[in-house]
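work_12.cif (mmCIF, C-alpha atoms)
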data_model
#
loop_
_atom_site.label_atom_id
_atom_site.label_comp_id
_atom_site.auth_asym_id
_atom_site.auth_seq_id
_atom_site.Cartn_x
_atom_site.Cartn_y
_atom_site.Cartn_z
CA GLU B 1 -8.96 -2.05 16.16
CA PRO B 2 -10.99 -1.25 13.04
CA GLU B 3 -9.96 -3.11 9.94
CA VAL B 4 -10.61 -3.27 6.23
CA THR B 5 -12.14 -6.58 5.23
CA GLN B 6 -11.66 -8.15 1.81
CA THR B 7 -13.40 -11.13 0.30
CA PRO B 8 -12.65 -13.60 -1.04
CA SER B 9 -9.10 -14.17 0.14
CA HIS B 10 -8.32 -16.18 -2.97
CA GLN B 11 -10.16 -16.41 -6.28
CA VAL B 12 -9.36 -18.53 -9.29
CA THR B 13 -11.05 -17.62 -12.53
CA GLN B 14 -10.80 -18.59 -16.15
CA MET B 15 -9.42 -16.14 -18.66
CA GLY B 16 -12.18 -14.04 -20.12
CA GLN B 17 -14.44 -14.29 -17.10
CA GLU B 18 -15.57 -11.37 -14.97
CA VAL B 19 -14.63 -11.15 -11.30
CA ILE B 20 -15.82 -8.91 -8.50
CA LEU B 21 -13.55 -8.29 -5.57
CA ARG B 22 -15.22 -7.03 -2.43
CA CYS B 23 -14.08 -4.77 0.35
CA VAL B 24 -15.62 -3.32 3.47
CA PRO B 25 -13.69 -0.17 4.38
CA ILE B 26 -13.52 1.29 7.86
CA SER B 27 -16.87 2.86 8.59
CA ASN B 28 -15.84 6.45 9.26
CA HIS B 29 -13.30 6.62 6.43
CA LEU B 30 -14.18 8.71 3.42
CA TYR B 31 -11.54 7.74 0.85
CA PHE B 32 -11.23 4.31 -0.67
CA TYR B 33 -8.56 2.78 -2.86
CA TRP B 34 -7.59 -0.28 -4.81
CA TYR B 35 -3.97 -1.28 -5.27
CA ARG B 36 -2.49 -4.39 -6.79
CA GLN B 37 0.76 -6.28 -6.41
CA ILE B 38 1.89 -8.67 -9.09
CA LEU B 39 4.02 -11.41 -7.56
CA GLY B 40 7.49 -10.12 -6.82
CA GLN B 41 6.73 -6.61 -8.02
CA LYS B 42 5.83 -3.27 -6.48
CA VAL B 43 2.49 -2.37 -5.04
CA GLU B 44 0.76 -0.27 -7.71
CA PHE B 45 -2.04 2.24 -7.39
CA LEU B 46 -5.18 1.49 -9.37
CA VAL B 47 -7.91 3.90 -8.30
CA SER B 48 -9.14 6.16 -5.54
CA PHE B 49 -12.79 6.85 -4.76
CA TYR B 50 -14.44 9.64 -2.85
CA ASN B 51 -17.96 10.93 -2.55
CA ASN B 52 -19.29 8.16 -4.76
CA GLU B 53 -17.02 8.83 -7.66
CA ILE B 54 -13.54 8.07 -8.90
CA SER B 55 -11.12 10.80 -7.84
CA GLU B 56 -7.93 9.43 -9.38
CA LYS B 57 -6.99 6.45 -11.50
CA SER B 58 -3.78 5.11 -12.91
CA GLU B 59 -2.96 4.01 -16.42
CA ILE B 60 -3.55 0.44 -15.32
CA PHE B 61 -7.17 1.22 -14.53
CA ASP B 62 -8.56 1.04 -18.05
CA ASP B 63 -12.02 0.20 -19.32
CA GLN B 64 -11.59 -3.35 -18.14
CA PHE B 65 -11.90 -2.16 -14.55
CA SER B 66 -14.69 -0.47 -12.65
CA VAL B 67 -15.43 0.34 -9.04
CA GLU B 68 -18.65 0.76 -7.19
CA ARG B 69 -19.96 1.47 -3.74
CA PRO B 70 -23.30 -0.29 -4.07
CA ASP B 71 -24.41 0.41 -0.52
CA GLY B 72 -23.15 2.21 2.54
CA SER B 73 -20.53 -0.35 3.43
CA ASN B 74 -19.18 -2.29 0.45
CA PHE B 75 -16.64 -1.12 -2.10
CA THR B 76 -16.12 -3.37 -5.09
CA LEU B 77 -13.63 -3.75 -7.90
CA LYS B 78 -14.93 -5.42 -11.05
CA ILE B 79 -12.54 -6.80 -13.64
CA ARG B 80 -14.19 -7.66 -16.91
CA SER B 81 -12.82 -10.22 -19.33
CA THR B 82 -9.86 -11.18 -17.16
CA LYS B 83 -6.46 -11.77 -18.67
CA LEU B 84 -3.58 -13.89 -17.45
CA GLU B 85 -1.65 -10.75 -16.54
CA ASP B 86 -4.40 -9.68 -14.17
CA SER B 87 -3.19 -12.35 -11.77
CA ALA B 88 -2.05 -10.46 -8.68
CA MET B 89 -2.87 -9.59 -5.09
CA TYR B 90 -5.48 -6.87 -4.99
CA PHE B 91 -5.54 -4.68 -1.92
CA CYS B 92 -8.33 -2.43 -0.81
CA ALA B 93 -7.52 0.48 1.48
CA SER B 94 -9.30 3.35 3.15
CA SER B 95 -8.26 6.57 4.81
CA GLU B 96 -9.89 9.28 6.89
CA SER B 97 -8.56 12.18 4.93
CA PHE B 98 -7.04 13.38 1.71
CA TRP B 99 -3.24 13.15 1.58
CA ALA B 100 -3.61 10.10 3.80
CA ASN B 101 -2.25 12.17 6.65
CA TYR B 102 -2.91 9.39 9.07
CA GLY B 103 -1.86 6.55 6.83
CA TYR B 104 -3.98 4.10 4.96
CA THR B 105 -5.55 1.00 6.41
CA PHE B 106 -5.13 -1.87 4.00
CA GLY B 107 -7.09 -5.06 3.83
CA SER B 108 -5.35 -8.42 3.77
CA GLY B 109 -5.88 -8.70 0.04
CA THR B 110 -7.51 -10.96 -2.51
CA ARG B 111 -5.19 -13.21 -4.45
CA LEU B 112 -6.59 -13.42 -7.98
CA THR B 113 -5.35 -16.22 -10.18
CA VAL B 114 -6.41 -16.18 -13.82
CA VAL B 115 -5.95 -19.50 -15.59
CA SER I 1 8.74 8.11 -11.74
CA GLN I 2 7.89 9.14 -8.19
CA GLN I 3 8.35 5.68 -6.81
CA GLY I 4 10.72 5.08 -3.95
CA GLU I 5 13.52 2.64 -3.93
CA GLU I 6 14.57 0.80 -0.82
CA ASP I 7 17.92 -0.62 0.00
CA PRO I 8 19.07 -3.10 0.79
CA GLN I 9 16.73 -5.40 -1.12
CA ALA I 10 17.30 -8.04 1.53
CA LEU I 11 18.69 -7.91 5.05
CA SER I 12 19.40 -10.75 7.43
CA ILE I 13 20.27 -10.11 11.08
CA GLN I 14 20.36 -11.88 14.41
CA GLU I 15 17.61 -11.36 16.92
CA GLY I 16 18.43 -8.43 19.19
CA GLU I 17 20.37 -6.54 16.55
CA ASN I 18 19.17 -3.33 14.98
CA ALA I 19 17.92 -3.25 11.38
CA THR I 20 18.22 -0.18 9.18
CA MET I 21 16.43 0.16 5.87
CA ASN I 22 16.73 3.09 3.53
CA CYS I 23 14.39 4.62 1.00
CA SER I 24 15.04 7.16 -1.72
CA TYR I 25 12.46 8.97 -3.79
CA LYS I 26 12.45 11.38 -6.68
CA THR I 27 9.90 14.16 -6.27
CA SER I 28 8.69 16.53 -3.57
CA ILE I 29 6.38 14.98 -1.04
CA ASN I 30 3.85 15.89 1.63
CA ASN I 31 4.57 12.81 3.64
CA LEU I 32 6.37 9.49 3.57
CA GLN I 33 5.02 6.33 5.08
CA TRP I 34 6.46 2.98 5.98
CA TYR I 35 4.48 -0.22 5.68
CA ARG I 36 5.16 -3.80 6.62
CA GLN I 37 3.98 -6.86 4.74
CA ASN I 38 4.21 -10.39 6.03
CA SER I 39 4.60 -12.94 3.27
CA GLY I 40 1.42 -13.17 1.20
CA ARG I 41 -0.48 -10.86 3.51
CA GLY I 42 -1.73 -7.29 3.53
CA LEU I 43 0.14 -4.08 4.18
CA VAL I 44 0.28 -2.77 7.70
CA HIS I 45 0.86 0.93 8.24
CA LEU I 46 3.78 1.48 10.60
CA ILE I 47 4.55 5.17 10.69
CA LEU I 48 4.03 8.39 8.76
CA ILE I 49 6.47 11.27 8.70
CA ARG I 50 5.53 14.64 7.26
CA SER I 51 7.82 16.62 5.02
CA ASN I 52 8.45 19.20 7.75
CA GLU I 53 9.54 16.53 10.23
CA ARG I 54 13.04 15.13 10.46
CA GLU I 55 12.61 12.26 12.88
CA LYS I 56 9.79 10.28 14.39
CA HIS I 57 9.61 7.44 16.88
CA SER I 58 7.03 4.75 17.49
CA GLY I 59 7.96 2.02 19.94
CA ARG I 60 11.02 0.25 18.54
CA LEU I 61 10.73 2.12 15.25
CA ARG I 62 12.65 5.24 14.38
CA VAL I 63 12.14 7.00 11.06
CA THR I 64 14.22 9.82 9.70
CA LEU I 65 13.53 12.01 6.70
CA ASP I 66 15.97 14.16 4.76
CA THR I 67 14.03 16.07 2.14
CA SER I 68 17.19 17.68 0.76
CA LYS I 69 18.50 14.23 -0.12
CA LYS I 70 15.04 12.82 -0.83
CA SER I 71 15.70 9.92 1.47
CA SER I 72 14.32 8.26 4.56
CA SER I 73 15.47 5.51 6.86
CA LEU I 74 13.61 3.07 9.07
CA LEU I 75 15.43 1.71 12.10
CA ILE I 76 14.05 -1.22 14.04
CA THR I 77 15.83 -1.60 17.33
CA ALA I 78 16.26 -4.82 19.31
CA SER I 79 14.80 -6.87 16.47
CA ARG I 80 12.69 -9.94 17.08
CA ALA I 81 12.00 -12.97 14.92
CA ALA I 82 8.44 -11.66 14.53
CA ASP I 83 9.83 -8.59 12.74
CA THR I 84 10.62 -10.83 9.76
CA ALA I 85 8.69 -9.28 6.86
CA SER I 86 9.04 -6.98 3.87
CA TYR I 87 9.16 -3.28 4.57
CA PHE I 88 8.05 -0.67 2.05
CA CYS I 89 8.25 3.07 1.93
CA ALA I 90 5.50 4.96 0.17
CA THR I 91 5.26 8.58 -0.84
CA ASP I 92 2.36 10.72 -1.89
CA GLY I 93 4.21 12.48 -4.65
CA GLN I 94 2.66 15.89 -3.90
CA THR I 95 0.93 15.83 -7.26
CA GLY I 96 -2.47 16.80 -6.02
CA ALA I 97 -3.50 13.20 -6.40
CA ASN I 98 -4.49 11.14 -3.42
CA ASN I 99 -2.50 7.99 -4.04
CA LEU I 100 0.69 6.39 -2.81
CA PHE I 101 3.78 5.36 -4.71
CA PHE I 102 5.45 2.33 -3.20
CA GLY I 103 9.06 1.31 -3.32
CA THR I 104 10.40 -2.11 -4.12
CA GLY I 105 10.74 -3.12 -0.48
CA THR I 106 13.38 -4.57 1.80
CA ARG I 107 12.98 -8.19 2.82
CA LEU I 108 14.09 -8.41 6.47
CA THR I 109 14.87 -11.76 8.03
CA VAL I 110 15.52 -11.86 11.76
CA ILE I 111 17.22 -15.07 12.81
CA PRO I 112 16.26 -16.35 16.27
#

Written form, structure tokens:
Amino acid sequence: EPEVTQTPSHQVTQMGQEVILRCVPISNHLYFYWYRQILGQKVEFLVSFYNNEISEKSEIFDDQFSVERPDGSNFTLKIRSTKLEDSAMYFCASSESFWANYGYTFGSGTRLTVV
Amino acid sequence: SQQGEEDPQALSIQEGENATMNCSYKTSINNLQWYRQNSGRGLVHLILIRSNEREKHSGRLRVTLDTSKKSSSLLITASRAADTASYFCATDGQTGANNLFFGTGTRLTVIP
């Protein structure tokens, strides 16, 4: 069964450093997303991406964050100047259609620890 | 907030019993989805129910949706130890935005 692949599975970074989280969405999906889950809290929407541009973003997704689809397969989330509160699980997801009528496929996540 | 709220927050049952989890939400929706998350792992899509549907089945899963009460339930029948996980409902919020709003989750423990 097709799956969304995320790398790395765990990243530790020092406060103030930049990190890039990588995702390979399912090949025939057109919509891509990043979500995050701070330990013990809800899964929160960060950003959605379609047709090589951001389609929606949440209040969390400020200038510290950016997304990119550098080639035909990868979808990346860059976090500049990381803060302690950025520590969380970051999930990439993809879907075939708008409204996610067939559900999203999530990756297994990247656990980011900022020290 | 459009986010759903599940109850109970935690549920512990014996293997073979049925598990029922409930979700309430606040705004109109196009669809509601249930996801499962094993500890420290990713989210696995279980089932999607559209706003014009009242009940849906998938294997041992049964989902109901009551849009008048803005609530949904997930029933897992004949539970197994492997069903131990957190279960989340997620709604689309019908805002024109293509993103999901997740609830707080129910932590299900199935005792062998």

Q) Any idea which chain B residues end up within 12 Å of chain I if we count all atoms listed in the file, as a PyMOL selection string please? A) chain B and resi 3-6+9-10+31-50+54-58+88-111

Q: Enter the distance from CA of Ser51 in chain I to CA of Leu65 in chain I, in Å, rounded to one decimal.
A: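 According to the coordinates, CA of Ser51 in chain I and CA of Leu65 in chain I are separated by 7.5 Å.
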
Q) Can you list, as a VMD selection string, the residues that the PyMOL selection byres ((chain B and resi 11) around 10) selects here? A) chain B and resid 7 to 10 12 to 13 19 to 21 87 110 to 114

Q) If you count only C-alpha atoms, which residues fall within 12 Å of Pro70 in chain B, apart from same-chain ones fewer than 4 positions away, as a count of residues only? A) 9

Q) Could you spell out the hits of the PyMOL selection byres ((chain I and resi 8) around 9) on the shown file, as a ChimeraX atom specification? A) /I:6-7,9-11,20-22,105-107

Q: For each of I:Ala19, I:Asn52, I:Cys89, I:Ser24, take the minimum atom-to-atom distance to Ser71 in chain I, counting only C-alpha atoms, then give the residue where this is smallest.
A: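 Nearest to Ser71 in chain I: I:Ser24.
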
Q | Point-to-point distance from CA of Glu17 in chain I to CA of Leu74 in chain I, Å rounded to tenths | A |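 These two atoms are separated by 13.9 Å.
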
**Q.** Between CA of Cys23 in chain I and CA of Ser72 in chain I - distance in Å to one decimal
**A.**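 One can read the CA of Ser72 in chain I to CA of Cys23 in chain I distance as 5.1 Å.
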
Q.
List the spatial neighbours of Val63 in chain I as an MDAnalysis selection string - criterion: any atom at most 6 Å away, only C-alpha atoms, same-chain residues fewer than 6 positions off excluded.
A. chainID I and resid 55:56 73:74

Q | Ground truth for the PyMOL selection byres ((chain I and resi 59) around 12), written as a PyMOL selection string | A | chain I and resi 46-47+56-58+60-63+75-79
